[in-house]
Structures are given as C-alpha cells and as structure tokens.
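Working notes, structure below.
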Amino acid sequence: MSQQGYCAAPPYSQSQPRTGGFPTSFGPPNPSLHYGHYGDPNSSYAVPQPGFLHKSTSCLAGMSKSTVLLGSSAPVGPLPPGTHQLSQTNFQNGPSAAGQPTHRFQGPPPPNNTGPSYPPYSHQSQPAYPNTASTSSTTQLANQLNSMQINSYGPGATLSSHTSSGHPASFQGPQPTLLTQQQMALPPGSQVPPPANNFSGLSAQPSLPTMARQDGIPGSGPPNPNLQQLPGQPPGPGYHPQQANYGPQMAGSQLSYPGAFPGGPAQLSGPQQKKLDPDSIPSPNNKPPNPPAYIFMIDVSYRNINSGLVKLICEELKTLLDKLPREEQEESSAIRVGFVTYNKVLHFFNVKSNLAQPQMMVVSDVREVFVPLLDGFLVNFQESRSVVNNLLDQIPEMFADTNESETIFAPVIQAGMEALKAAECAGKLFIFHSSLPTAEAPGKLRNRDDKKLLNTDKEKTLFQPQVNYYETLARDCVANSCCVNLFLFPNQYVDIASLGLVTMYTGGTLYKYNNFQLNSDSPQFLTDLRKDIEKKTGFDAIMRVRTSTGFRATDFFGAIYMNNTTDVEMAAVDCDKAVTVEFKHDDKLNEDSGALIQCAVLYTSISGQRRLRIHNIGLNCSSQLADVYKTCETDALINFLAKSAFKAILSQPLKTVREILVNQMAHMLACYRKNCASPSAVSQLILPDAMKVLPVYMNSLLKSCVLVGRPEIPTDERAYHRQLVMAMGVADTQLFFYPQLLPIHSLDLKSDAVPAAIRCSEERLSEGGAFILANGLSMFLWLGVSTPPELIQGLFNVPSFAHISTEATLLPDLDNPYSKKVKSIMEHIQSQKPYTMKLMIVKQREQPEMLFHQFLVEDKSIYGGASYVDFLCCVHKEICQLLN
C-alpha cells in the first residue's frame, strides 16, 4: 500500500513565495489512498484529510453568481426568446463529480447534490452591479487566472465577474447592455413611484439602425472595436446575430453607418438616415453599483413599547447613525438609511431632507407586500438628520397606547428586500423582534416546542424551519443582496429554527436576549448594536475555492448559501464570520510542489465599489503519515467536527451523530497507535502530541446543549447555539467548547500580565478564591465564601461577602488597583469576541451556581454528560477494540 498522498500543514502554514498566483502546472495526477471513511469496515485505520479556511473575507477569482461555470464558455449574446434559467454544468471541483464518496454524515440527497434543499434559482430579477475595474486591469487579471489551469477546468473557460442580475459579465472586456423599464403596480390611492431603470447586463444583437426596437431605444451602430474576443468564442463583435428578435430581417446586408463600402447597401434606394444620437445607442455597462443601505425595522407591539425597548432603540439610533462605516479616505458614510415599524401591519416613513415632518405610509396588505414610496425612504443621514431625529423621537409616542400583541415577521423581511431591490442596492436589515409571529400572514408560525420529540427520530424537525416559506425567502434575499440581522427579545418560544434561517443563509448575525430587562440587559444589547452597525462589511459577496491536483473542496460550512456545488454566496460578509471548507484527498500529491489552495471573494464595498480579494496558500506534503499527526491543528479540527455534526442533526438522530463523532476520534487515534507510535502495552492510552487535547474538546462538544436532548434545555436555546457555531471561526469555537477560567484572587497588581488559565473543573476552585469564566457568550465572576475582604471591597465597594449583590451585570467603576485590574482583564477577553458577554455574579453555595457549573466541562454534566476522565476511559476502550 502506497504511503504517498498525505497533506501535512505546518503549525502555521506559510504561503508559497509566488507573486502571480499558482504555477501553470502542478504535475501529473497519480492514484493515492483515500482516508477518512470511518464507517467502512474494510478500510484501514486512517486520519481524515479535511482542510480549513477561516475568517474568509476573501476567496477565489473567477467567480460568478450566474450558473455559467468554469469549463464552459460564458455566453456573450442574448438568451433565446423566452429563456430565463441558465443551464448548469458540473465540473471537477465540486462534490457531484464522479467517484464522490459517501459523506460521513448522511442526509437526504438534495436536488443536484448541493447543500441547500431548495431548487436552483434564477437571479434574473436582480439589479445589476457590474464590475467597475478598468478593462486593462481586468483583462490582465483574467489572462493571469486563466493561465493557471487549476484542476483542468477545460479549454475555453472564461473568468466571469458577478453582477447582481445573475448574468455573467466578463472580466475580459465590457459588453453592451439594454436599458429596460420596470413599473410597480400600486393599489388605488397609493403614491405611484417613477419607473426605475434596470440594466439587464446582457449584450444583445442590435437590429439595423433604421429600425426602432420594441423597447423604444434606437438600434446599435457598428461593432465596438474596444470589445475583446473571449476565448472559445467566434470572431466578431461578441454576439450571435441569429439570436436577435427585434423585427424581421431586411433583405441583404444593409449597413448604413458612416464608412460603409462604396457601392454597398448604404447607397441603395431608400430614405436618407438621420444621424444617430451617440447617447441613445447601447454602450458598455460601466455603471458602478450603488452604495448599500441599512434599514431599521422595529417591532412596535405592546410588549416592546411597554418594556421601554422601542424608546431605547430610537434613542440609541440618534447617536449611532453618526457612526455608520465609511471608507478611510471618505469624510462621511455613503450608506443610506431607512425606517420601518410593524406589528400586524407595516409602517414606512418618508424622511426626505426637505420635509418639515416625517410622513408615515401604512401597508396593511401583508400578503402582497409592496414598497409604498421610493423617493424619501432611503436617505443620507447627514442630509436628513433633523427629519430622522424627529421621527425617532415620535415613534415611541406614536405607538404608546397600542394594545396590539400579534406580530408578523416574514413580510417584514420581504418589505425590506423589496425596498433594496427597488433602490438597486445591497444592504442590511436590522430587525428588532420579540415574539412568535402568529398574525395571519405569510410565514405565520405556531408553537411546536414538543418535548415528546426529544431523543426520537423526529427530534431533527425541531431544528428545521417549520414552513417552507422561510427557505424561499432566504433564497430571494441572497439573490437580492439583502442581509438580515436579527435582534431577538423573547420571553417564550419564538421558533428560532425558522426565524433564524434567513439570517443564517444571508450572512447576517443573530442576537438573543432572553427575558430582556431594561436596567440589566441594556448594556449588552446596546454594545452589540453599536459593534454591528460600525463594523465594516462586504455586500453581495460570492466566494470560490480552487485547488491544485490531488484534492478538492467538497463541503462548505458557515453563514452562507449555495445554489450550486462551487459558488458560496453571502448577501454580506464581515470580520466575525468564518467559512470552514472540507477538502477531499483523492489523488497523489507531489511533495515538491506541495498542495496549493486559492480562495477569493468578489464583493461590494461599503462605498459601492466592486472589489476582488484573493488568498493563496501553499501546504507541505509528506509521504509519512506521522508528519500529519505532528502538524495537526486540533482547534481547527474541532471546529470542523462541530460544524459537520451540527449540520448532520438536520437529517439524522442525535444519537447517531454522537456515535459517529466518537467513532471518528477513535479511528484517528487507533490509526496513530497502529502506524506511528512506538510499541507499548495495550493498557496504555497513546495520544499524538498535537492531538492530546482532542478528547477533552470532543467531550465538551458531545455535552453541548445542541447535541444533548433534555427537556430542561429550551429548544430555542439549542437552535440558537447551533446557528452561532455554524458561523464561528477557530478561536471562537475553541473558547465556546472549553471556556477560559482565570483565578483573580492572587493578582499581581504591579504587572500587566493576565493570570494563567486553569482547568475547567470544580476541583480547581477554592473557597478563598475568585474566578472569571468566559466562553464567548457568557461571563461569570465566581466568588468563594472566604474571598479576601480587600478584594471584595476593591471590586464592589462593600465590606463583606454577604453584602455582595448578584443582581448587577456590571462591576462598578472604582478608583483602586483591584477594580482597574479586573475590569482590564474582562475588557481584554471581551475585545476579542464578536458577541458582548453579559456578566453574571455567582456566589458559592447559592442557587445561580448551578448554571455556572454547567461550564466546568471537565466535570460530569448535570444533563448526563461524562466527565473528562470517564470519557478518556471510554475512548481507550474503543481504540483497543479497533486494534484487536
């Protein structure tokens, strides 16, 4: 059996010293072993070969939201009449290629073997966001990338830039476009908006200049000499004459433009042609995309008004809108803002700068949502500051006497998406919502939190959306570059598995504040809101990954949407999101050239510029299996295992998923023991140096609330954690599954050093100590009954342990070394995490201590999870059975 083909990454993988991307050739393919099929009793013990890419705000060039894939030439002429759906082509770099092995976690086969379960979607209705890079630079980029020949995509492959209309726009040169008009049908009495121009992004064969087209635009002149011929395309101006359908073809070749050949058709009989207006004929589409917009959509039902939440949001927005993200060289943000309130109906607000007062327009037909106004809805905050602030002052008073408790939800997202679509821009929806949407409207939900389904084959339905409407809505939002950020304030079940689906697929962020109390929970919520509004974001993003010969990307995990097997689509992407990529090793790898990965993302910046970012990385390859174990990154491995397991629970029983996780780890360690370790007694547990902490991480994963079906754990909490982990990076999952526990009772007040973390076990606590525990979502300050009085006085300004109040969620600002040091440590931990951790003060031997003990992951869980020691014994037993 050949031992060649292992891909080993050094502890910190370094990029190869290349300046122009990948080399032209990576060497001939050779057969090699497949590793990682743990369920096959006939296979030898082997380690899986996943690869990981995190904090991916950048990926592969040559991506397109259209379904024109590499390996086929991009069409340049118009589609045949009546054709809307572009054909799809599978190619080598996707999971549907021939010879694809069965995934470790099996689920029902989705259409065309892609990730999402919904059918392919045509993006024909989107506004166009063409690439704005210069022709020369994009041509060079296209030529450079086309020369890579990565994975042999085939001759004639073209590099296409993404336009939000879903049609290909070639990097190698601009294309003519057609100007069309769309009108919105409004009910009687509504304000009729002016028709909006929409650029289709497709080139078309013009008819003769003397003939008027059906759309009222004069025919085109001669072929544009600046258009460059695409590889694999017939010579000529870049379109197919036989596809034109603008009128009957006149006899002969009647060219009438200036410079026609003497004696040609232009000199034949017929009326003299009028001179064409140069501005009226089609020209290359170089219109840049519009800057994005933020739409704030506030639930003004009784509970939110009564709790003071609506007033809190409005007051905070008056400050935050001055802090909208902007490019470094710009004086102000280009982002426009809009405002909607809702309960059972929608209220749109006109905040145009020349108005004395904001105007409200009510949309009561929530089954067929439309945008009642265009001009004045999305505005520049600096220009409309007085009107916007006036509105934010009036909203709490406007609904102060409401008694409406029912709300809608899906129509709110639909309305925001339609507004962005009408404005021809990408954007974010900031939705502040609190209850299960029970009002009669699309997306209406019922309470389905049935504890009887726990630990049954039907338990997976609790993590699936309740109705199909949300899948369709998520798909439409991605197609229209609409990112959904959801701030939830529930005091009972709200079906996060359904509501959060749109947030997850659009690259948005989900925040949840259970039983929100204005006094105690405001700091956490407002900090989250500030960070989200101020962070820089890429919009309308599409990502692709390429590899050198021998391995390929087969699965993707994150806050993403995939309409095919290769293009990762994100309505928005930011620095707090990560995409985990699984790679399948299916051929011989070359130790000299290594394994090469290119990852790129095409996106729209906050100023409306279309940008492309590319990451290249080179990994070392080794013919020795031991090298793989020496350089394994356990934290990245647990990130992948967690995401693959959390994805699998949508289709498999939790018991099966847990068993697969334990089986995977046992096979990894048995493979090492058999092939790499020195001979030793069977009774010894042998672990690779780089994987010594894998069992404790795995045990923590198995005890997570997502994988533990207990009636005491709310279903919404499990769905919430599942969604968060799917978008987490490596460092975030590392802390989430194994929290940081810091002793602070013996601080060195003269040093800036942070105390060393200790093991998460109750054995490490002491009655005379004080400890900080953080996992990225929650933070605890645990105080022993014998905590030193000087520490208590320094932190709380009270004389003794008995006087400490556990109601506070913040430490007081005190001018003493203890207070400054501890607050500095907390701020340092918080600064590295995307979510604001709410502080909970826990006193030893009091009731809240039970919640704190759930995070001591090395101990036995109150929900039945094994202790770390017991789990090691279980794993050792599994390994011995495999070896025997």
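In the structure tokens, the first chain shown is A, the next is B, and so on; residue numbers restart at 1 for each chain, and ligands run from 1 in the order shown.
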(message) For the structure I just gave you, how does DSSP split region 469-595 of chain A - specifically, which residues are strand (DSSP E)? Reply as a ChimeraX atom specification.
(response) /A:482-488,510-512,537-547,551-557,568-574,580-585,595
(message) List as a PyMOL selection string the protein and nucleic acid residues near region 528-544 of chain A, meaning an atom at most 7 Å away when only C-alpha atoms are counted, but skip any in the same chain fewer than 4 places from it.
(response) chain A and resi 59-60+63+65+320+323-325+426+481+524+566-574+599-606+835-836
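Between CA of Pro714 (chain A) and CA of Asn468 (chain A) the interatomic distance comes to 23.0 Å.
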(message) Write out as an NGL selection string the set of residues from region 487-664 of chain A that DSSP, computed on the backbone, places in helix (DSSP H, G or I).
(response) :A and (496-505 or 518-534 or 625-630 or 634-648 or 654-664)
(request) Give me, please, the distance in Å between CA of Asp576 (chain A) and CA of Ile614 (chain A), quoted to one decimal. (result)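 These atoms are spaced 18.3 Å apart.
CA of Leu747 (chain A) is found 17.8 Å from CA of Arg759 (chain A).
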(request) Please provide as a list in words all residues within 8 Å of region 848-852 of chain A, with the sequence filter that same-chain residues fewer than 5 positions apart are discarded (counting only C-alpha atoms). (result)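 Contacts, with the query itself left out: Phe780, Val842 and Lys843 of chain A.
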What does the file look like for those residues with C-alpha atoms, as a tab-separated table (two decimals), in the first residue's frame?
chain	number	residue	atom	x	y	z
A	780	PHE	CA	-19.15	34.71	35.19
A	842	VAL	CA	-22.16	33.98	41.27
A	843	LYS	CA	-21.68	33.41	44.99
(request) Compare A:Thr733, A:Asn485, A:Gln609, A:Ser831 by their minimum atom-to-atom distance to Ala578 (chain A), counting only C-alpha atoms, and give me the closest one. (result) A:Thr733
